[in-house]
Amino acid sequence: MRIEHSCLNRIGISLAFWSCLALSGIFSTPASAQEADTLDKETAAKVFPKKPYSPYADHNYPTHVYWGDTHVHTSYSMDAGAFGARLGPRDAYIFAKGNEITTSTGQRAKLSRPLDFIAVTDHSDGFGFFPELFGGNSKILSFPQGRRWYDLMHSGQGATAAIEIITSFSQGKMAEGLLPLPGTTEYRSAWDETIKAADEANEPGRFTAFIGYEWTSNTGGNNLHRNIIFRENGEKASMVEPYTTQKPLGSDNPRDLWKWMADYEQKTGGQVLTIAHNGNLSNGRMFPIIESFTGKPIDREYAQTRAQRERIYEVTQIKGDGEAHPFLSPNDEFAGYETWDKGNLDLSELKKPEMLEFEYARAALRNGLKLEKELGVNPYKFGMIGSTDTHTALATADEDNFWGKTSSSEPSPTRATHPFVKTDKAVIMGWEQAASGYAGVWATGNTREALFDAMQRKEVYATTGPRMIVRFFGGWEFDARDAQTRNPAEPGYTKGVPMGGDLRDAPAGKSPTFLVAALKDPIGANLDRVQIIKGWLDTQGETHEKIYDLAVSGNRKIGSDGRCKTPVGDTVDVPNATYTNTIGASELITVWKDPEFDASQRAFYYVRVLEIPTPRWTAYDAKYFGITMPKEVSMKGQERAYTSPIWYTPEK
Amino acid sequence: MHGRTMLTKLLREPLAHFLLLGALLLFASNLVNRRTSGDTKKIVVTQGEIEHLEDTFTRAHQRPPNEEELTGLVRDFVREEVYYREALALGLDRGDAPIRQRLRQKMEFISEDVAAQTEPSEDQLRSYLNSHPDKFRLDQHFTFSQIYLDPARHGRRLNADAQQMLAKLNNAAAKADLSTMGDPFLLEPSSQDVSARDVARDFGEKFTAALGELPVGKWQGPVESGLGMHLVYVSKRTDGRIPQLIEVLDAVRREWANEYRLEANEKFYQGLLNRYTVTVELPQPSPERKAQIGVDQP
């Protein structure tokens, strides 16, 4: 029964009356039930034993990369709903499986290819708020704010309502008691529906639907959101309700979230992981050295818990890319891709350059080495994934099939030139949204357990949308021949560790070697180059970074400084929103040895793969709608992948 | 034994559920009536209600409420009950849009839940499968090996190189060593019994279509994919087909239940609607308005 216990009495009399009338056959079965020769489940299982998904099941290493999105909002999120999302968790799964669906704005949408997994992660705070608000829940309407938003939405001004909701939430101006809190029936029924939708959509071996939510810490508009993913099914997840950020029930401090995770695991015997939202809107708070909550330097306990709880990080998504910033990496000509650096989430505070170090992934990986030396633990030893953070229930990251951040930015002639966020301090335009973020996961199968475990061991990588295959192994014994074998995974796993792994205690006189391989997306663009980004801590305690080009397409040369200065070229035809694969390579494979290795210095290495330039979603919009974009709108870009790093740690 | 079958069958009838539900609710409402009858109206907070309050609190806080908190919860429950009853007595529920919508939603929930209780028979599922074969059609499956030729490495020699390799591969006497042929490649060299959907996911649609056409048991090619060129050996191909019920039981049940649910909800509503005579009193229409109505109701 879905009606809540406490409501039974209230509607009892009338219902009973109706149900007596039901004799007249309101509910008749289409056909009578048959008892004879019903299928016996056991027999069925014997006749059709379940084959493992992977055809390479005799290999004990992952042979397949699975594609997914760990960050999908639906109408169950208060802001998504207010922005016009009408699709719920069930719709998100139907769409991710590759089915055509009618979007919230009434358009038909379908993915180019199904995804292998997604997690629906609606906001912890205000869970189920929106359906209740839209439906006119009397409790919500009893608040002047609630009444105002209800009226706005029902008079076609949903976007205004959405902005007001987000702002009042992040500025702590939402009336107390307005949001459904854990324990209330509104909250509970939304959480139950979320769980049920995931369990129904989950098809082990074919499609994985994770149960999840997003803990929405956003005090002062500084985004510290984190997604929580459950390894198990609804039986365990329903023993708890999402952890919220408002006191006294919840907290906006990640330390308290980690405690909640530990409590969950202890109570249920299950496992949860958390993935921090791209830190680019945290205004210097995502990767702190000084904790914003206490003003004190982070301690060993923080470092230890964070390293244990936050093993992967969302480095790229629709609200910008967070790998590297040109201010921090002036020598990296590829930094600055889809950068959002005007302010925090609601643009209530502008960005200052000194904040960047504490919100971009590469800088955090560097600071992690420093902190490890001081505290004995590296708090920022994370793997990298991309995800969309869509608020439309549509997990799209393809430039030619981009459905926007919110339902109000679904395809339309005006979505690019309409402000996305606007305050008296700054404005972010619609065209600045990035069609970005999928997670590639090297797992042994497409199940909740296998994918979860792969994420925990960081054998994952981020892409800005294309599904290129990237392998990255580190060891002491790789040589050029390993790049010539027909199946590079064989030497990779035999002689080294995969992405996310560790190298320790360099053998005397040895430098680390890396086997790196990238294969283009079968329906996507060719590859420009494969790079390794190295970061290290010198003896003075200062960190450094350096970029090496490992392999480039065509006849271009890599100089003695490790860089190829010749660009790959450009075939993009902006007016027609096309490009050709006449430049670039389908595949790049190589073995690389660190030429400047010092066995006494901590270091990390990660791979960045760049595609040749392709049209950006704005070019597809301009073509389709026959509009001219203002000249500041960027119309093309080089999509990319970032792998989880491999770390080197000296013996002492 | 037969009686038991009858009972099981009866219990599967949605109508039976509905009646059972009705009986339970009548019983419950009698309890309420008994509690509220008499001169002084009574509110009894039962043990069950207290447990429910404790339960919700515990789920949210991951700990049970302490004494003080529980007292607070109960006090609030009573307050709500008093207001609720008095509001009903004053008719405050009437004409209130949110309350009407919420009640409508509850009716829809009930209708959905009753529909969800219905278990289909095997015959029903079989006939559903027969009438919707395309929803359940099984993909073509392939067992194949491939050798990759990177266009960048071979350039204009690609076709010649491919023909040379093919000759070697198809010459049993030459005993070609597969592990040394072709270029390094990130996808597995051999795939066992994979569906067309999964081949397309890795190699693209074009390659998958080609795989469906190639003769079995011989090296062929070069075949183009989204990644480059391939020499291909298909050792087994299983054609797509309409599955037996037993193979897709869960999927058929899911689809059947969804369709049944939609139908049952509509029937439920139509059944209720039949009890009413609906008269729509349109205002005296202006000419434009009249035209508009004409469009809306063709």
# chains A, B, ... in the order shown; residues from 1 in each chain; ligands from 1

$ residues_around --residues "A:Lys352" --least-positions-apart "3" --cutoff "10 Å" --atoms "only C-alpha atoms" --output "PyMOL selection string"
chain A and resi 283-284+341-343+349+355-356

$ write_last_selection --atoms "N, CA and C atoms" --output "mmCIF file, in the first residue's frame"
data_model
loop_
_atom_site.group_PDB
_atom_site.id
_atom_site.type_symbol
_atom_site.label_atom_id
_atom_site.label_comp_id
_atom_site.auth_asym_id
_atom_site.auth_seq_id
_atom_site.Cartn_x
_atom_site.Cartn_y
_atom_site.Cartn_z
ATOM 1 N N ASN A 283 34.349 28.240 -4.591
ATOM 2 C CA ASN A 283 35.136 29.407 -4.178
ATOM 3 C C ASN A 283 36.203 29.067 -3.128
ATOM 4 N N GLY A 284 37.056 28.145 -3.541
ATOM 5 C CA GLY A 284 38.239 27.837 -2.746
ATOM 6 C C GLY A 284 38.009 26.905 -1.573
ATOM 7 N N ASP A 341 34.753 30.357 -14.135
ATOM 8 C CA ASP A 341 35.502 30.900 -12.996
ATOM 9 C C ASP A 341 35.037 32.304 -12.619
ATOM 10 N N LYS A 342 33.737 32.547 -12.759
ATOM 11 C CA LYS A 342 33.259 33.882 -12.417
ATOM 12 C C LYS A 342 32.904 34.015 -10.951
ATOM 13 N N GLY A 343 32.500 32.933 -10.335
ATOM 14 C CA GLY A 343 32.108 33.044 -8.927
ATOM 15 C C GLY A 343 31.685 31.701 -8.395
ATOM 16 N N GLU A 349 29.102 35.493 -4.750
ATOM 17 C CA GLU A 349 30.462 35.940 -4.433
ATOM 18 C C GLU A 349 31.338 35.705 -5.659
ATOM 19 N N MET A 355 41.616 31.599 -4.919
ATOM 20 C CA MET A 355 40.703 30.486 -4.604
ATOM 21 C C MET A 355 40.957 29.275 -5.491
ATOM 22 N N LEU A 356 41.509 29.518 -6.701
ATOM 23 C CA LEU A 356 41.546 28.484 -7.732
ATOM 24 C C LEU A 356 42.332 27.247 -7.296
#

$ closest_residue --among "B:Arg75, B:Arg137, B:Arg104, B:Lys42" --to "chain A" --atoms "only C-alpha atoms"
B:Arg104

$ residues_around --residues "B:Phe207" --least-positions-apart "3" --cutoff "6 Å" --atoms "only C-alpha atoms" --output "JSON, numbers by chain"
{"B": [204, 210, 225]}

$ select_by_dssp --residues "stretch 421-563 of chain A" --states "helix (DSSP H, G or I)" --output "number ranges by chain"
A: 430-432, 448-456, 480-483, 489-495

$ atom_distance --atom1 "atom CA of A:Ala82" --atom2 "atom CA of A:Glu132"
11.3 Å

$ select_by_dssp --residues "stretch 77-234 of chain B" --states "strand (DSSP E or B)" --output "short mmCIF file (atom, residue, chain, number, x, y, z; two decimals) with N, CA and C atoms, in the first residue's frame"
data_model
loop_
_atom_site.label_atom_id
_atom_site.label_comp_id
_atom_site.auth_asym_id
_atom_site.auth_seq_id
_atom_site.Cartn_x
_atom_site.Cartn_y
_atom_site.Cartn_z
N LEU B 138 15.01 -11.17 -29.64
CA LEU B 138 16.40 -11.33 -29.22
C LEU B 138 17.33 -10.92 -30.36
N HIS B 141 23.42 -12.90 -32.43
CA HIS B 141 24.64 -13.07 -31.63
C HIS B 141 25.79 -13.57 -32.50
N PHE B 142 26.99 -13.18 -32.14
CA PHE B 142 28.17 -13.56 -32.92
C PHE B 142 29.29 -14.11 -32.03
N THR B 143 30.00 -15.11 -32.56
CA THR B 143 31.29 -15.45 -32.01
C THR B 143 32.29 -15.17 -33.14
N PHE B 144 33.25 -14.27 -32.85
CA PHE B 144 34.15 -13.89 -33.94
C PHE B 144 35.52 -13.45 -33.42
N SER B 145 36.50 -13.50 -34.32
CA SER B 145 37.83 -12.94 -34.04
C SER B 145 38.08 -11.83 -35.06
N GLN B 146 38.90 -10.87 -34.66
CA GLN B 146 39.23 -9.83 -35.63
C GLN B 146 40.68 -9.40 -35.45
N ILE B 147 41.27 -9.01 -36.55
CA ILE B 147 42.64 -8.48 -36.55
C ILE B 147 42.55 -7.05 -37.04
N TYR B 148 43.15 -6.16 -36.29
CA TYR B 148 42.99 -4.73 -36.57
C TYR B 148 44.08 -4.21 -37.50
N LEU B 149 43.67 -3.39 -38.43
CA LEU B 149 44.63 -2.70 -39.30
C LEU B 149 44.41 -1.20 -39.13
N SER B 190 39.10 -11.64 -29.57
CA SER B 190 38.03 -12.61 -29.81
C SER B 190 36.85 -12.32 -28.91
N SER B 191 35.67 -12.52 -29.46
CA SER B 191 34.46 -12.30 -28.68
C SER B 191 33.55 -13.50 -28.82
N GLN B 192 33.03 -13.96 -27.70
CA GLN B 192 32.21 -15.17 -27.70
C GLN B 192 30.75 -14.82 -27.52
N ASP B 193 29.94 -15.20 -28.47
CA ASP B 193 28.50 -15.12 -28.32
C ASP B 193 28.03 -13.75 -27.81
N VAL B 194 28.48 -12.70 -28.47
CA VAL B 194 28.04 -11.36 -28.06
C VAL B 194 26.88 -10.88 -28.93
N SER B 195 26.04 -10.08 -28.35
CA SER B 195 24.85 -9.62 -29.07
C SER B 195 25.23 -8.51 -30.04
N TRP B 219 38.36 -16.44 -42.93
CA TRP B 219 38.83 -15.06 -42.72
C TRP B 219 38.38 -14.19 -43.88
N GLN B 220 37.85 -13.02 -43.57
CA GLN B 220 37.29 -12.12 -44.57
C GLN B 220 37.82 -10.72 -44.36
N GLY B 221 37.56 -9.89 -45.33
CA GLY B 221 37.86 -8.50 -45.09
C GLY B 221 38.63 -7.85 -46.21
N PRO B 222 39.14 -6.67 -45.98
CA PRO B 222 38.98 -5.93 -44.72
C PRO B 222 37.57 -5.34 -44.56
N VAL B 223 37.11 -5.36 -43.30
CA VAL B 223 35.80 -4.82 -42.96
C VAL B 223 36.02 -3.51 -42.21
N GLU B 224 35.28 -2.49 -42.60
CA GLU B 224 35.48 -1.18 -41.97
C GLU B 224 34.65 -1.04 -40.70
N MET B 229 40.23 -0.64 -40.06
CA MET B 229 39.86 -1.82 -40.85
C MET B 229 40.16 -3.09 -40.05
N HIS B 230 39.41 -4.13 -40.36
CA HIS B 230 39.57 -5.39 -39.63
C HIS B 230 39.48 -6.56 -40.58
N LEU B 231 40.32 -7.58 -40.31
CA LEU B 231 40.10 -8.88 -40.91
C LEU B 231 39.25 -9.65 -39.90
N VAL B 232 38.25 -10.34 -40.40
CA VAL B 232 37.27 -10.91 -39.47
C VAL B 232 37.04 -12.38 -39.76
N TYR B 233 36.93 -13.16 -38.69
CA TYR B 233 36.58 -14.57 -38.79
C TYR B 233 35.34 -14.81 -37.93
N VAL B 234 34.22 -15.04 -38.59
CA VAL B 234 33.00 -15.34 -37.82
C VAL B 234 32.91 -16.85 -37.67
#
